[in-house]
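Following: one structure in structure tokens, then a few remarks.
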Amino acid sequence: MIQMRDGELRGYQVGPVRAELRALTVSDDREGMLEGTPQLHRRIRLMGIEKAMTSTPHLYVHDLDKLRADTEGRVEEWLPREVVHARLTSWWQPEDIAEPGHTALSVMWFQTTAQNPFARLAAIVRPLDWPSLAEFIPFED
């Protein structure tokens, strides 16, 4: 995991909202995989993603439609080796909510080891619509 020192949160523009990166994890997507094909890998990965989306509200998976289409077709190219998970938060909150809190969004994508995950995150989230994707999290007493 890439860690930052306290007070060094990275800011990202997500549509109209400024958000801060709270966590970023880069891991080997093929760890523990002994054999298989690119298509099988995509099918297994898609099953895991759909399970994660069910259990993790407000998870945005970049290029999910492409991954689904590739799973249906006969793809001979491997997914990039690294899977990246990022968690962003913002003080923005919906206008119809009066209680104090913040909003959060998790983002997931695949990339090669040569790609900078921070730059890739910026490119992925810039066009997203934070108000429609983010989850409101009220402050707890």
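Ordered as shown in the structure tokens, chains take letters A, B, and onward, while each chain numbers its residues from 1 and ligands are numbered from 1 in the order shown.
By chain and then residue number, the residues within 7 Å of Val84 in chain A are Thr25, Val26, Ser27, Met108, Trp109 and Phe110 of chain A, counting only C-alpha atoms and disregarding those fewer than 4 positions away in sequence.
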Find the residues near Arg68 in chain A: any atom within 12 Å, counting only C-alpha atoms, skip ones fewer than 2 places away on the same chain, and give them as a short mmCIF file (atom, residue, chain, number, x, y, z; two decimals) with N, CA, C and O atoms, in the first residue's frame.
data_model
loop_
_atom_site.label_atom_id
_atom_site.label_comp_id
_atom_site.auth_asym_id
_atom_site.auth_seq_id
_atom_site.Cartn_x
_atom_site.Cartn_y
_atom_site.Cartn_z
N GLN A 39 -9.64 -14.98 -20.70
CA GLN A 39 -11.09 -14.91 -20.60
C GLN A 39 -11.57 -15.44 -19.25
O GLN A 39 -12.44 -14.84 -18.61
N ARG A 42 -10.94 -12.87 -16.62
CA ARG A 42 -11.93 -11.80 -16.67
C ARG A 42 -13.25 -12.25 -16.03
O ARG A 42 -13.89 -11.49 -15.30
N ARG A 43 -13.66 -13.47 -16.31
CA ARG A 43 -14.91 -13.97 -15.73
C ARG A 43 -14.83 -14.05 -14.21
O ARG A 43 -15.74 -13.64 -13.50
N ILE A 44 -13.71 -14.57 -13.71
CA ILE A 44 -13.53 -14.66 -12.26
C ILE A 44 -13.47 -13.27 -11.65
O ILE A 44 -14.07 -13.00 -10.61
N ARG A 45 -12.73 -12.38 -12.30
CA ARG A 45 -12.60 -11.02 -11.81
C ARG A 45 -13.95 -10.32 -11.78
O ARG A 45 -14.30 -9.64 -10.83
N LEU A 46 -14.75 -10.50 -12.85
CA LEU A 46 -16.07 -9.87 -12.92
C LEU A 46 -16.99 -10.38 -11.81
O LEU A 46 -17.72 -9.60 -11.20
N MET A 47 -16.94 -11.67 -11.53
CA MET A 47 -17.74 -12.22 -10.43
C MET A 47 -17.34 -11.57 -9.11
O MET A 47 -18.19 -11.20 -8.30
N ILE A 49 -15.91 -8.61 -8.72
CA ILE A 49 -16.31 -7.20 -8.77
C ILE A 49 -17.79 -7.04 -8.46
O ILE A 49 -18.19 -6.17 -7.68
N GLU A 50 -18.61 -7.88 -9.06
CA GLU A 50 -20.05 -7.78 -8.82
C GLU A 50 -20.39 -8.08 -7.37
O GLU A 50 -21.26 -7.44 -6.78
N VAL A 61 -16.40 1.18 -10.60
CA VAL A 61 -15.39 0.37 -11.25
C VAL A 61 -15.17 0.94 -12.65
O VAL A 61 -16.08 0.92 -13.48
N HIS A 62 -13.98 1.47 -12.88
CA HIS A 62 -13.66 2.08 -14.16
C HIS A 62 -13.63 1.03 -15.26
O HIS A 62 -13.08 -0.05 -15.09
N ASP A 63 -14.26 1.33 -16.38
CA ASP A 63 -14.34 0.44 -17.55
C ASP A 63 -15.10 -0.86 -17.27
O ASP A 63 -14.82 -1.89 -17.88
N LEU A 64 -16.06 -0.82 -16.37
CA LEU A 64 -16.83 -2.02 -16.04
C LEU A 64 -17.59 -2.55 -17.25
O LEU A 64 -17.63 -3.77 -17.49
N ASP A 65 -18.19 -1.67 -18.04
CA ASP A 65 -18.93 -2.12 -19.22
C ASP A 65 -18.01 -2.83 -20.21
O ASP A 65 -18.39 -3.84 -20.82
N LYS A 66 -16.80 -2.32 -20.38
CA LYS A 66 -15.83 -2.95 -21.28
C LYS A 66 -15.43 -4.33 -20.74
O LYS A 66 -15.33 -5.29 -21.49
N ASP A 70 -15.93 -7.78 -22.68
CA ASP A 70 -14.80 -8.67 -22.92
C ASP A 70 -15.06 -10.06 -22.37
O ASP A 70 -14.62 -11.05 -22.93
N THR A 71 -15.77 -10.14 -21.26
CA THR A 71 -16.07 -11.43 -20.65
C THR A 71 -17.00 -12.24 -21.53
O THR A 71 -16.90 -13.46 -21.60
N GLU A 72 -17.91 -11.56 -22.22
CA GLU A 72 -18.84 -12.24 -23.13
C GLU A 72 -18.15 -12.70 -24.41
O GLU A 72 -18.54 -13.69 -25.01
N GLY A 73 -17.13 -11.97 -24.82
CA GLY A 73 -16.41 -12.31 -26.06
C GLY A 73 -15.25 -13.26 -25.78
O GLY A 73 -15.03 -13.70 -24.66
N ARG A 74 -14.52 -13.55 -26.80
CA ARG A 74 -13.35 -14.43 -26.68
C ARG A 74 -12.12 -13.54 -26.67
O ARG A 74 -11.60 -13.17 -27.71
N VAL A 75 -11.66 -13.17 -25.50
CA VAL A 75 -10.54 -12.24 -25.37
C VAL A 75 -9.27 -13.02 -25.04
O VAL A 75 -9.26 -13.86 -24.15
#
Practice task
Go through A:Thr103, A:Thr113, A:Thr37, A:Thr56 and flag the residue nearest Ala19 in chain A, using only C-alpha atoms for the distances.
Solution key: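 Checking each candidate against Ala19 in chain A, we get A:Thr103 as the closest.
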Exercise for the section: Write out as a list in words each polymer residue whose atoms come within 9 Å of Ile124 in chain A, counting only C-alpha atoms; drop sequence neighbours fewer than 3 positions from it. Expected result: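 These residues fall inside the cut-off: Val14, His62, Val107, Trp109, Ala119, Arg120, Leu121, Pro127 and Leu128 of chain A.
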Would you put the residues from that selection into a file with N, CA, C and O atoms, as a PDB file, in the first residue's frame?
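So the final result, stored in again_28.pdb, reads:
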ATOM      1  N   VAL A  14     -13.450  15.922  -8.746  1.00  0.00           N
ATOM      2  CA  VAL A  14     -14.372  14.878  -9.199  1.00  0.00           C
ATOM      3  C   VAL A  14     -15.634  15.592  -9.677  1.00  0.00           C
ATOM      4  O   VAL A  14     -16.483  15.947  -8.873  1.00  0.00           O
ATOM      5  N   HIS A  62     -13.983   1.467 -12.876  1.00  0.00           N
ATOM      6  CA  HIS A  62     -13.665   2.081 -14.157  1.00  0.00           C
ATOM      7  C   HIS A  62     -13.635   1.033 -15.262  1.00  0.00           C
ATOM      8  O   HIS A  62     -13.085  -0.049 -15.091  1.00  0.00           O
ATOM      9  N   VAL A 107     -13.225   3.855  -5.694  1.00  0.00           N
ATOM     10  CA  VAL A 107     -12.962   3.705  -7.122  1.00  0.00           C
ATOM     11  C   VAL A 107     -12.010   2.530  -7.307  1.00  0.00           C
ATOM     12  O   VAL A 107     -11.069   2.357  -6.528  1.00  0.00           O
ATOM     13  N   TRP A 109      -9.853   0.158 -10.424  1.00  0.00           N
ATOM     14  CA  TRP A 109      -9.449   0.014 -11.823  1.00  0.00           C
ATOM     15  C   TRP A 109      -8.257  -0.921 -11.930  1.00  0.00           C
ATOM     16  O   TRP A 109      -7.637  -1.262 -10.935  1.00  0.00           O
ATOM     17  N   ALA A 119      -1.842   9.670 -10.895  1.00  0.00           N
ATOM     18  CA  ALA A 119      -2.204  10.326 -12.149  1.00  0.00           C
ATOM     19  C   ALA A 119      -3.387   9.615 -12.801  1.00  0.00           C
ATOM     20  O   ALA A 119      -4.294  10.253 -13.350  1.00  0.00           O
ATOM     21  N   ARG A 120      -3.388   8.297 -12.745  1.00  0.00           N
ATOM     22  CA  ARG A 120      -4.491   7.516 -13.324  1.00  0.00           C
ATOM     23  C   ARG A 120      -5.798   7.813 -12.597  1.00  0.00           C
ATOM     24  O   ARG A 120      -6.840   7.966 -13.217  1.00  0.00           O
ATOM     25  N   LEU A 121      -5.741   7.920 -11.266  1.00  0.00           N
ATOM     26  CA  LEU A 121      -6.926   8.256 -10.479  1.00  0.00           C
ATOM     27  C   LEU A 121      -7.475   9.615 -10.892  1.00  0.00           C
ATOM     28  O   LEU A 121      -8.675   9.774 -11.089  1.00  0.00           O
ATOM     29  N   PRO A 127     -14.008  13.307 -14.824  1.00  0.00           N
ATOM     30  CA  PRO A 127     -15.321  13.453 -15.476  1.00  0.00           C
ATOM     31  C   PRO A 127     -16.506  12.867 -14.689  1.00  0.00           C
ATOM     32  O   PRO A 127     -17.654  12.991 -15.123  1.00  0.00           O
ATOM     33  N   LEU A 128     -16.265  12.244 -13.541  1.00  0.00           N
ATOM     34  CA  LEU A 128     -17.357  11.611 -12.800  1.00  0.00           C
ATOM     35  C   LEU A 128     -18.264  12.640 -12.134  1.00  0.00           C
ATOM     36  O   LEU A 128     -17.848  13.753 -11.836  1.00  0.00           O
TER      37      LEU A 128
END
Exercise for the section: Quick one: pick out all alpha helix (DSSP H) residues within range 26-127 of chain A from a backbone DSSP run and write them as a ChimeraX atom specification. Expected result: /A:38-55,64-72,117-125
Filtering to N, CA, C and O atoms, could you give me those residues as a tab-separated table (two decimals), in the first residue's frame?
chain	number	residue	atom	x	y	z
A	38	PRO	N	-6.92	-15.69	-20.28
A	38	PRO	CA	-7.37	-14.31	-20.10
A	38	PRO	C	-8.89	-14.19	-19.94
A	38	PRO	O	-9.37	-13.42	-19.12
A	39	GLN	N	-9.64	-14.98	-20.70
A	39	GLN	CA	-11.09	-14.91	-20.60
A	39	GLN	C	-11.57	-15.44	-19.25
A	39	GLN	O	-12.44	-14.84	-18.61
A	40	LEU	N	-11.01	-16.54	-18.79
A	40	LEU	CA	-11.37	-17.08	-17.48
A	40	LEU	C	-11.03	-16.08	-16.37
A	40	LEU	O	-11.81	-15.88	-15.45
A	41	HIS	N	-9.86	-15.47	-16.49
A	41	HIS	CA	-9.45	-14.46	-15.51
A	41	HIS	C	-10.47	-13.33	-15.46
A	41	HIS	O	-10.87	-12.88	-14.38
A	42	ARG	N	-10.94	-12.87	-16.62
A	42	ARG	CA	-11.93	-11.80	-16.67
A	42	ARG	C	-13.25	-12.25	-16.03
A	42	ARG	O	-13.89	-11.49	-15.30
A	43	ARG	N	-13.66	-13.47	-16.31
A	43	ARG	CA	-14.91	-13.97	-15.73
A	43	ARG	C	-14.83	-14.05	-14.21
A	43	ARG	O	-15.74	-13.64	-13.50
A	44	ILE	N	-13.71	-14.57	-13.71
A	44	ILE	CA	-13.53	-14.66	-12.26
A	44	ILE	C	-13.47	-13.27	-11.65
A	44	ILE	O	-14.07	-13.00	-10.61
A	45	ARG	N	-12.73	-12.38	-12.30
A	45	ARG	CA	-12.60	-11.02	-11.81
A	45	ARG	C	-13.95	-10.32	-11.78
A	45	ARG	O	-14.30	-9.64	-10.83
A	46	LEU	N	-14.75	-10.50	-12.85
A	46	LEU	CA	-16.07	-9.87	-12.92
A	46	LEU	C	-16.99	-10.38	-11.81
A	46	LEU	O	-17.72	-9.60	-11.20
A	47	MET	N	-16.94	-11.67	-11.53
A	47	MET	CA	-17.74	-12.22	-10.43
A	47	MET	C	-17.34	-11.57	-9.11
A	47	MET	O	-18.19	-11.20	-8.30
A	48	GLY	N	-16.05	-11.41	-8.89
A	48	GLY	CA	-15.57	-10.76	-7.66
A	48	GLY	C	-15.97	-9.31	-7.59
A	48	GLY	O	-16.34	-8.80	-6.52
A	49	ILE	N	-15.91	-8.61	-8.72
A	49	ILE	CA	-16.31	-7.20	-8.77
A	49	ILE	C	-17.79	-7.04	-8.46
A	49	ILE	O	-18.19	-6.17	-7.68
A	50	GLU	N	-18.61	-7.88	-9.06
A	50	GLU	CA	-20.05	-7.78	-8.82
A	50	GLU	C	-20.39	-8.08	-7.37
A	50	GLU	O	-21.26	-7.44	-6.78
A	51	LYS	N	-19.67	-9.02	-6.76
A	51	LYS	CA	-19.87	-9.30	-5.34
A	51	LYS	C	-19.44	-8.10	-4.50
A	51	LYS	O	-20.13	-7.70	-3.56
A	52	ALA	N	-18.31	-7.48	-4.84
A	52	ALA	CA	-17.83	-6.30	-4.12
A	52	ALA	C	-18.80	-5.13	-4.27
A	52	ALA	O	-19.03	-4.38	-3.31
A	53	MET	N	-19.38	-4.97	-5.46
A	53	MET	CA	-20.32	-3.88	-5.67
A	53	MET	C	-21.59	-4.07	-4.86
A	53	MET	O	-22.21	-3.10	-4.44
A	54	THR	N	-21.97	-5.31	-4.62
A	54	THR	CA	-23.14	-5.60	-3.80
A	54	THR	C	-22.87	-5.27	-2.34
A	54	THR	O	-23.72	-4.71	-1.65
A	55	SER	N	-21.67	-5.59	-1.87
A	55	SER	CA	-21.35	-5.40	-0.46
A	55	SER	C	-20.75	-4.03	-0.14
A	55	SER	O	-20.74	-3.62	1.02
A	64	LEU	N	-16.06	-0.82	-16.37
A	64	LEU	CA	-16.83	-2.02	-16.04
A	64	LEU	C	-17.59	-2.55	-17.25
A	64	LEU	O	-17.63	-3.77	-17.49
A	65	ASP	N	-18.19	-1.67	-18.04
A	65	ASP	CA	-18.93	-2.12	-19.22
A	65	ASP	C	-18.01	-2.83	-20.21
A	65	ASP	O	-18.39	-3.84	-20.82
A	66	LYS	N	-16.80	-2.32	-20.38
A	66	LYS	CA	-15.83	-2.95	-21.28
A	66	LYS	C	-15.43	-4.33	-20.74
A	66	LYS	O	-15.33	-5.29	-21.49
A	67	LEU	N	-15.22	-4.42	-19.43
A	67	LEU	CA	-14.88	-5.70	-18.82
A	67	LEU	C	-16.01	-6.71	-19.01
A	67	LEU	O	-15.75	-7.87	-19.35
A	68	ARG	N	-17.25	-6.27	-18.85
A	68	ARG	CA	-18.38	-7.16	-19.07
A	68	ARG	C	-18.44	-7.63	-20.53
A	68	ARG	O	-18.68	-8.80	-20.80
A	69	ALA	N	-18.24	-6.71	-21.47
A	69	ALA	CA	-18.26	-7.06	-22.88
A	69	ALA	C	-17.13	-8.02	-23.23
A	69	ALA	O	-17.33	-8.98	-23.98
A	70	ASP	N	-15.93	-7.78	-22.68
A	70	ASP	CA	-14.80	-8.67	-22.92
A	70	ASP	C	-15.06	-10.06	-22.37
A	70	ASP	O	-14.62	-11.05	-22.93
A	71	THR	N	-15.77	-10.14	-21.26
A	71	THR	CA	-16.07	-11.43	-20.65
A	71	THR	C	-17.00	-12.24	-21.53
A	71	THR	O	-16.90	-13.46	-21.60
A	72	GLU	N	-17.91	-11.56	-22.22
A	72	GLU	CA	-18.84	-12.24	-23.13
A	72	GLU	C	-18.15	-12.70	-24.41
A	72	GLU	O	-18.54	-13.69	-25.01
A	117	PRO	N	-0.41	5.44	-10.24
A	117	PRO	CA	-1.80	5.32	-9.79
A	117	PRO	C	-2.44	6.66	-9.43
A	117	PRO	O	-3.64	6.83	-9.58
A	118	PHE	N	-1.65	7.63	-8.96
A	118	PHE	CA	-2.21	8.93	-8.60
A	118	PHE	C	-2.65	9.69	-9.85
A	118	PHE	O	-3.72	10.29	-9.87
A	119	ALA	N	-1.84	9.67	-10.90
A	119	ALA	CA	-2.20	10.33	-12.15
A	119	ALA	C	-3.39	9.61	-12.80
A	119	ALA	O	-4.29	10.25	-13.35
A	120	ARG	N	-3.39	8.30	-12.75
A	120	ARG	CA	-4.49	7.52	-13.32
A	120	ARG	C	-5.80	7.81	-12.60
A	120	ARG	O	-6.84	7.97	-13.22
A	121	LEU	N	-5.74	7.92	-11.27
A	121	LEU	CA	-6.93	8.26	-10.48
A	121	LEU	C	-7.47	9.62	-10.89
A	121	LEU	O	-8.68	9.77	-11.09
A	122	ALA	N	-6.59	10.60	-11.06
A	122	ALA	CA	-7.03	11.94	-11.46
A	122	ALA	C	-7.77	11.89	-12.79
A	122	ALA	O	-8.82	12.52	-12.97
A	123	ALA	N	-7.24	11.13	-13.75
A	123	ALA	CA	-7.88	11.02	-15.07
A	123	ALA	C	-9.22	10.30	-14.99
A	123	ALA	O	-10.16	10.67	-15.70
A	124	ILE	N	-9.32	9.30	-14.14
A	124	ILE	CA	-10.57	8.53	-14.02
A	124	ILE	C	-11.66	9.36	-13.36
A	124	ILE	O	-12.81	9.38	-13.82
A	125	VAL	N	-11.35	10.06	-12.27
A	125	VAL	CA	-12.40	10.73	-11.49
A	125	VAL	C	-12.80	12.10	-12.03
A	125	VAL	O	-13.90	12.56	-11.74
Exercise for the section: Name the closest residue to Arg81 in chain A among the candidates A:Ala114, A:Ala23, A:Val17, A:Leu133; distances are taken between atoms, counting only C-alpha atoms. Expected result: A:Ala114
Handout entry: Using only C-alpha atoms: which of A:Ala86, A:Ala134, A:Ala98, A:Leu79 has the shortest distance to Gly15 in chain A
Key =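 With only C-alpha atoms as the atom set, the closest residue is A:Ala134.
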Handout entry: Exercise: Ser90 in chain A partners within 10 Å, only C-alpha atoms, chain neighbours under 6 positions left out, as number ranges by chain
Key = A: 11-12, 14, 17-22, 101-105, 130, 134, 136
Exercise for the section: Return the single residue from A:Glu135, A:Glu82, A:Asp129, A:Glu76 that is closest to Ser106 in chain A, with distances computed using only C-alpha atoms. Expected result: A:Glu135
Exercise for the section: Counting only C-alpha atoms, figure out which residue out of A:Leu59, A:Leu24, A:Pro131, A:Gln13 gets nearest to His85 in chain A. Expected result: A:Leu24
Fill in the blank from the handout: One residue among A:Pro16, A:Gln115, A:Glu77, A:Asp29 is nearest to Trp92 in chain A when using only C-alpha atoms, and that residue is A:Pro16
